[in-house]
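Below is model_6.cif, which holds mmCIF, C-alpha atoms.
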```cif
data_input
loop_
_atom_site.label_atom_id
_atom_site.label_comp_id
_atom_site.auth_asym_id
_atom_site.auth_seq_id
_atom_site.Cartn_x
_atom_site.Cartn_y
_atom_site.Cartn_z
CA GLN A 1 0.00 0.00 0.00
CA VAL A 2 1.47 3.32 -1.10
CA GLN A 3 0.66 6.48 0.77
CA LEU A 4 1.52 10.08 0.00
CA VAL A 5 0.78 12.40 2.90
CA GLU A 6 0.77 16.10 2.15
CA SER A 7 0.87 18.95 4.60
CA GLY A 8 1.52 22.67 4.74
CA GLY A 9 -1.36 24.18 2.84
CA GLY A 10 -3.46 27.01 4.19
CA LEU A 11 -4.56 30.60 3.83
CA VAL A 12 -1.98 33.32 3.27
CA GLN A 13 -2.00 36.91 2.11
CA ALA A 14 -0.53 37.89 -1.22
CA GLY A 15 3.22 38.22 -0.95
CA GLY A 16 3.42 35.62 1.78
CA SER A 17 5.04 32.21 1.86
CA LEU A 18 4.05 28.61 2.45
CA ARG A 19 5.97 25.36 2.50
CA LEU A 20 4.33 22.16 1.35
CA SER A 21 5.60 18.72 2.31
CA CYS A 22 4.80 15.31 0.90
CA ALA A 23 6.04 12.13 2.53
CA ALA A 24 5.81 8.90 0.55
CA SER A 25 5.60 5.54 2.28
CA GLY A 26 4.87 1.96 1.35
CA SER A 27 6.01 -0.17 -1.54
CA ILE A 28 7.34 2.45 -3.88
CA PHE A 29 10.30 0.97 -5.67
CA ARG A 30 12.95 3.07 -7.36
CA ILE A 31 11.41 6.52 -7.29
CA ASN A 32 12.22 8.54 -10.38
CA SER A 33 10.51 11.88 -10.18
CA MET A 34 8.69 13.65 -7.38
CA ALA A 35 6.51 16.55 -8.38
CA TRP A 36 3.85 19.00 -7.39
CA TYR A 37 0.77 19.72 -9.48
CA ARG A 38 -2.09 22.07 -8.83
CA GLN A 39 -5.67 22.41 -9.90
CA ALA A 40 -7.77 25.54 -9.57
CA PRO A 41 -11.57 25.42 -9.90
CA GLY A 42 -12.57 25.07 -13.53
CA ASN A 43 -9.01 24.43 -14.65
CA GLN A 44 -7.06 21.35 -15.59
CA ARG A 45 -4.42 19.97 -13.29
CA GLU A 46 -1.07 21.48 -14.18
CA LEU A 47 2.52 20.73 -13.33
CA VAL A 48 4.04 23.23 -10.90
CA ALA A 49 7.49 21.75 -10.29
CA ALA A 50 9.29 18.43 -10.58
CA ALA A 51 12.55 16.99 -9.32
CA THR A 52 14.13 13.86 -10.75
CA SER A 53 16.31 11.34 -8.97
CA GLY A 54 19.24 12.69 -10.97
CA GLY A 55 18.87 16.09 -9.37
CA SER A 56 17.35 18.05 -12.21
CA THR A 57 14.35 20.28 -11.63
CA ASN A 58 11.84 22.03 -13.80
CA TYR A 59 9.19 24.61 -13.08
CA ALA A 60 6.11 26.07 -14.67
CA ASP A 61 6.89 29.48 -16.10
CA SER A 62 4.34 31.05 -13.78
CA VAL A 63 6.25 30.02 -10.64
CA LYS A 64 9.87 30.34 -11.74
CA GLY A 65 11.85 32.47 -9.34
CA ARG A 66 9.19 32.18 -6.64
CA PHE A 67 8.85 28.45 -5.93
CA THR A 68 11.56 25.95 -5.08
CA ILE A 69 11.22 22.18 -5.09
CA ALA A 70 13.50 20.03 -3.00
CA ARG A 71 13.78 16.32 -2.23
CA ASP A 72 15.01 14.37 0.74
CA ASN A 73 15.62 10.98 -0.84
CA ALA A 74 16.46 9.32 2.46
CA LYS A 75 12.99 10.23 3.71
CA ASN A 76 11.15 9.86 0.39
CA THR A 77 9.89 13.37 0.96
CA VAL A 78 9.46 16.28 -1.40
CA TYR A 79 8.98 19.90 -0.45
CA LEU A 80 7.68 22.95 -2.25
CA GLN A 81 8.76 26.31 -0.88
CA MET A 82 6.39 28.95 -2.20
CA ASN A 83 7.36 32.59 -1.86
CA SER A 84 5.81 35.81 -3.14
CA LEU A 85 2.47 34.07 -3.43
CA LYS A 86 -0.18 35.56 -5.68
CA PRO A 87 -3.97 35.11 -5.68
CA GLU A 88 -3.62 33.18 -8.94
CA ASP A 89 -1.61 30.56 -7.05
CA THR A 90 -4.80 29.58 -5.25
CA ALA A 91 -5.50 25.91 -5.97
CA VAL A 92 -5.45 22.42 -4.57
CA TYR A 93 -1.84 21.22 -4.68
CA TYR A 94 -1.15 17.54 -5.32
CA CYS A 95 2.00 15.57 -4.77
CA ASN A 96 2.96 13.01 -7.42
CA VAL A 97 5.56 10.27 -7.35
CA LEU A 98 6.61 8.36 -10.45
CA ASN A 99 8.85 5.31 -10.27
CA TYR A 100 11.08 3.77 -12.90
CA TYR A 101 8.46 1.11 -13.68
CA GLY A 102 5.96 3.72 -14.77
CA TYR A 103 3.77 3.62 -11.70
CA SER A 104 2.35 6.99 -10.70
CA TYR A 105 1.02 7.80 -7.25
CA TRP A 106 -0.96 10.82 -6.07
CA GLY A 107 -1.53 12.48 -2.75
CA GLN A 108 -4.94 13.56 -1.53
CA GLY A 109 -4.27 17.25 -2.19
CA THR A 110 -3.83 20.24 0.05
CA GLN A 111 -5.62 23.55 -0.37
CA VAL A 112 -3.60 26.71 -0.84
CA THR A 113 -5.56 29.96 -0.76
CA VAL A 114 -3.91 33.33 -1.38
CA SER A 115 -5.95 36.38 -0.50
CA SER A 116 -5.43 39.74 -2.19
#
```
Render the structure in this file as structure tokens.
Amino acid sequence: QVQLVESGGGLVQAGGSLRLSCAASGSIFRINSMAWYRQAPGNQRELVAAATSGGSTNYADSVKGRFTIARDNAKNTVYLQMNSLKPEDTAVYYCNVLNYYGYSYWGQGTQVTVSS
């Protein structure tokens, strides 16, 4: 049984910061990428940031320079530091883990709300 437990969401004013965490447990073999996605009401789920096992990262253009993704491979945990938050960052944020066998796992989502 694979579990992804997310934490760190909440309500923050524009310009503020939040840090999301996602801890993966269970039978996840050979994790490749760990990523954060988000979905705002009426929108499709979109990639926010991803970090591969090789150390490379990529970000959505809308968050570059404001968000930072980091992994702790020993703990199977991924973090998303979000700074200079904007109202348009409001969404449910989902953690995703992809292993080398092509299995993809999702967290339950954590709400991030940025007030103007």
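Restricting the calculation to all atoms listed in the file, the smallest distance between A:Ala40 and any of A:Ile28, A:Asp89, A:Ser116, A:Thr110 is found for A:Asp89.
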Can you list what the PyMOL selection byres ((chain A and resi 59) around 6) grabs from this structure, as a PDB file with C-alpha atoms, in the frame of the given file?
```pdb
ATOM      1  CA  VAL A  48       4.040  23.230 -10.900  1.00  0.00           C
ATOM      2  CA  ALA A  49       7.490  21.750 -10.290  1.00  0.00           C
ATOM      3  CA  ASN A  58      11.840  22.030 -13.800  1.00  0.00           C
ATOM      4  CA  ALA A  60       6.110  26.070 -14.670  1.00  0.00           C
ATOM      5  CA  LYS A  64       9.870  30.340 -11.740  1.00  0.00           C
TER       6      LYS A  64
END
```
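Restricting the calculation to only C-alpha atoms, the smallest distance between A:Ser21 and any of A:Leu98, A:Ala74, A:Val92, A:Leu80 is found for A:Leu80.
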request  = For the structure provided, state which residues fall under the PyMOL selection byres ((chain A and resi 114) around 9), and present them as a list in words.
outcome  = Gly10, Leu11, Val12, Gln13, Ala14, Gly15, Gly16, Leu85, Lys86, Pro87, Glu88, Asp89, Thr90, Ala91, Val112, Thr113, Ser115 and Ser116 of chain A
request  = Might you spell out which residues the PyMOL selection byres ((chain A and resi 53) around 8) would select in the displayed file, as number ranges by chain?
outcome  = A: 31-33, 51-52, 54-56
request  = Figure out the distance between atom CA of A:Asn83 and atom CA of A:Ser25, please, to one decimal in Å.
outcome  =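 So the answer is 27.4 Å.
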query = Can you tell me, as a PyMOL selection string, what residues are no more than 8 Å from A:Val5 when counting all atoms listed in the file, ignoring any on the same chain fewer than 4 positions away?
reply = chain A and resi 21-24+107-108
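Using all atoms listed in the file, the shortest contact distance between A:Thr68 and any of A:Trp36, A:Gly26, A:Pro41, A:Tyr101 is found at A:Trp36.
Here atom CA of A:Gly42 is placed at a distance of 28.7 Å from atom CA of A:Val2.
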As a tab-separated table (two decimals), keeping the file's coordinate frame, please: stretch 27-38 of chain A completed to all heavy atoms.
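part-v6.tsv, freshly written:
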```tsv
chain	number	residue	atom	x	y	z
A	27	SER	N	5.21	0.57	-0.55
A	27	SER	CA	6.01	-0.17	-1.54
A	27	SER	C	6.21	0.63	-2.82
A	27	SER	O	5.69	0.30	-3.87
A	27	SER	CB	5.33	-1.51	-1.85
A	27	SER	OG	5.19	-2.28	-0.68
A	28	ILE	N	6.95	1.69	-2.70
A	28	ILE	CA	7.34	2.45	-3.88
A	28	ILE	C	8.78	2.07	-4.20
A	28	ILE	O	9.69	2.33	-3.42
A	28	ILE	CB	7.26	3.98	-3.65
A	28	ILE	CG1	5.86	4.39	-3.25
A	28	ILE	CG2	7.68	4.72	-4.91
A	28	ILE	CD1	5.72	5.86	-2.97
A	29	PHE	N	8.98	1.44	-5.33
A	29	PHE	CA	10.30	0.97	-5.67
A	29	PHE	C	10.94	1.88	-6.71
A	29	PHE	O	10.37	2.16	-7.74
A	29	PHE	CB	10.24	-0.46	-6.20
A	29	PHE	CG	9.64	-1.43	-5.22
A	29	PHE	CD1	8.35	-1.89	-5.37
A	29	PHE	CD2	10.38	-1.87	-4.14
A	29	PHE	CE1	7.81	-2.78	-4.46
A	29	PHE	CE2	9.85	-2.76	-3.22
A	29	PHE	CZ	8.56	-3.21	-3.39
A	30	ARG	N	12.14	2.30	-6.41
A	30	ARG	CA	12.95	3.07	-7.36
A	30	ARG	C	12.22	4.32	-7.84
A	30	ARG	O	11.79	4.41	-9.00
A	30	ARG	CB	13.37	2.21	-8.53
A	30	ARG	CG	14.20	0.99	-8.15
A	30	ARG	CD	14.88	0.40	-9.35
A	30	ARG	NE	15.86	1.32	-9.89
A	30	ARG	CZ	16.32	1.26	-11.15
A	30	ARG	NH1	15.86	0.35	-11.98
A	30	ARG	NH2	17.21	2.13	-11.57
A	31	ILE	N	12.07	5.27	-6.94
A	31	ILE	CA	11.41	6.52	-7.29
A	31	ILE	C	12.24	7.25	-8.34
A	31	ILE	O	13.45	7.39	-8.22
A	31	ILE	CB	11.23	7.41	-6.05
A	31	ILE	CG1	10.21	6.77	-5.10
A	31	ILE	CG2	10.77	8.80	-6.46
A	31	ILE	CD1	10.04	7.53	-3.81
A	32	ASN	N	11.57	7.73	-9.35
A	32	ASN	CA	12.22	8.54	-10.38
A	32	ASN	C	11.95	10.01	-10.07
A	32	ASN	O	12.77	10.70	-9.49
A	32	ASN	CB	11.72	8.17	-11.77
A	32	ASN	CG	12.40	8.96	-12.86
A	32	ASN	OD1	13.25	9.80	-12.60
A	32	ASN	ND2	12.02	8.73	-14.09
A	33	SER	N	10.79	10.47	-10.41
A	33	SER	CA	10.51	11.88	-10.18
A	33	SER	C	9.52	12.07	-9.04
A	33	SER	O	8.68	11.21	-8.77
A	33	SER	CB	9.96	12.54	-11.45
A	33	SER	OG	8.66	12.09	-11.72
A	34	MET	N	9.65	13.20	-8.37
A	34	MET	CA	8.69	13.65	-7.38
A	34	MET	C	8.26	15.05	-7.81
A	34	MET	O	9.13	15.86	-8.17
A	34	MET	CB	9.29	13.65	-5.98
A	34	MET	CG	9.81	12.30	-5.54
A	34	MET	SD	10.43	12.26	-3.84
A	34	MET	CE	8.89	12.07	-2.95
A	35	ALA	N	6.99	15.30	-7.78
A	35	ALA	CA	6.51	16.55	-8.38
A	35	ALA	C	5.32	17.09	-7.62
A	35	ALA	O	4.67	16.38	-6.84
A	35	ALA	CB	6.13	16.32	-9.84
A	36	TRP	N	5.04	18.36	-7.89
A	36	TRP	CA	3.85	19.00	-7.39
A	36	TRP	C	3.03	19.49	-8.58
A	36	TRP	O	3.56	20.09	-9.52
A	36	TRP	CB	4.21	20.21	-6.52
A	36	TRP	CG	4.78	19.83	-5.20
A	36	TRP	CD1	6.11	19.72	-4.87
A	36	TRP	CD2	4.06	19.47	-4.03
A	36	TRP	NE1	6.25	19.33	-3.57
A	36	TRP	CE2	4.99	19.17	-3.02
A	36	TRP	CE3	2.69	19.39	-3.71
A	36	TRP	CZ2	4.62	18.78	-1.73
A	36	TRP	CZ3	2.33	19.01	-2.43
A	36	TRP	CH2	3.29	18.71	-1.46
A	37	TYR	N	1.74	19.22	-8.51
A	37	TYR	CA	0.77	19.72	-9.48
A	37	TYR	C	-0.23	20.57	-8.72
A	37	TYR	O	-0.33	20.51	-7.49
A	37	TYR	CB	0.03	18.56	-10.15
A	37	TYR	CG	0.85	17.77	-11.15
A	37	TYR	CD1	1.84	16.89	-10.72
A	37	TYR	CD2	0.62	17.88	-12.51
A	37	TYR	CE1	2.60	16.16	-11.63
A	37	TYR	CE2	1.35	17.15	-13.44
A	37	TYR	CZ	2.34	16.30	-12.98
A	37	TYR	OH	3.08	15.58	-13.88
A	38	ARG	N	-1.00	21.33	-9.45
A	38	ARG	CA	-2.09	22.07	-8.83
A	38	ARG	C	-3.29	22.14	-9.75
A	38	ARG	O	-3.15	22.03	-10.98
A	38	ARG	CB	-1.65	23.48	-8.43
A	38	ARG	CG	-1.36	24.41	-9.60
A	38	ARG	CD	-0.77	25.73	-9.09
A	38	ARG	NE	-0.48	26.66	-10.18
A	38	ARG	CZ	0.15	27.81	-10.02
A	38	ARG	NH1	0.57	28.18	-8.80
A	38	ARG	NH2	0.38	28.60	-11.06
```
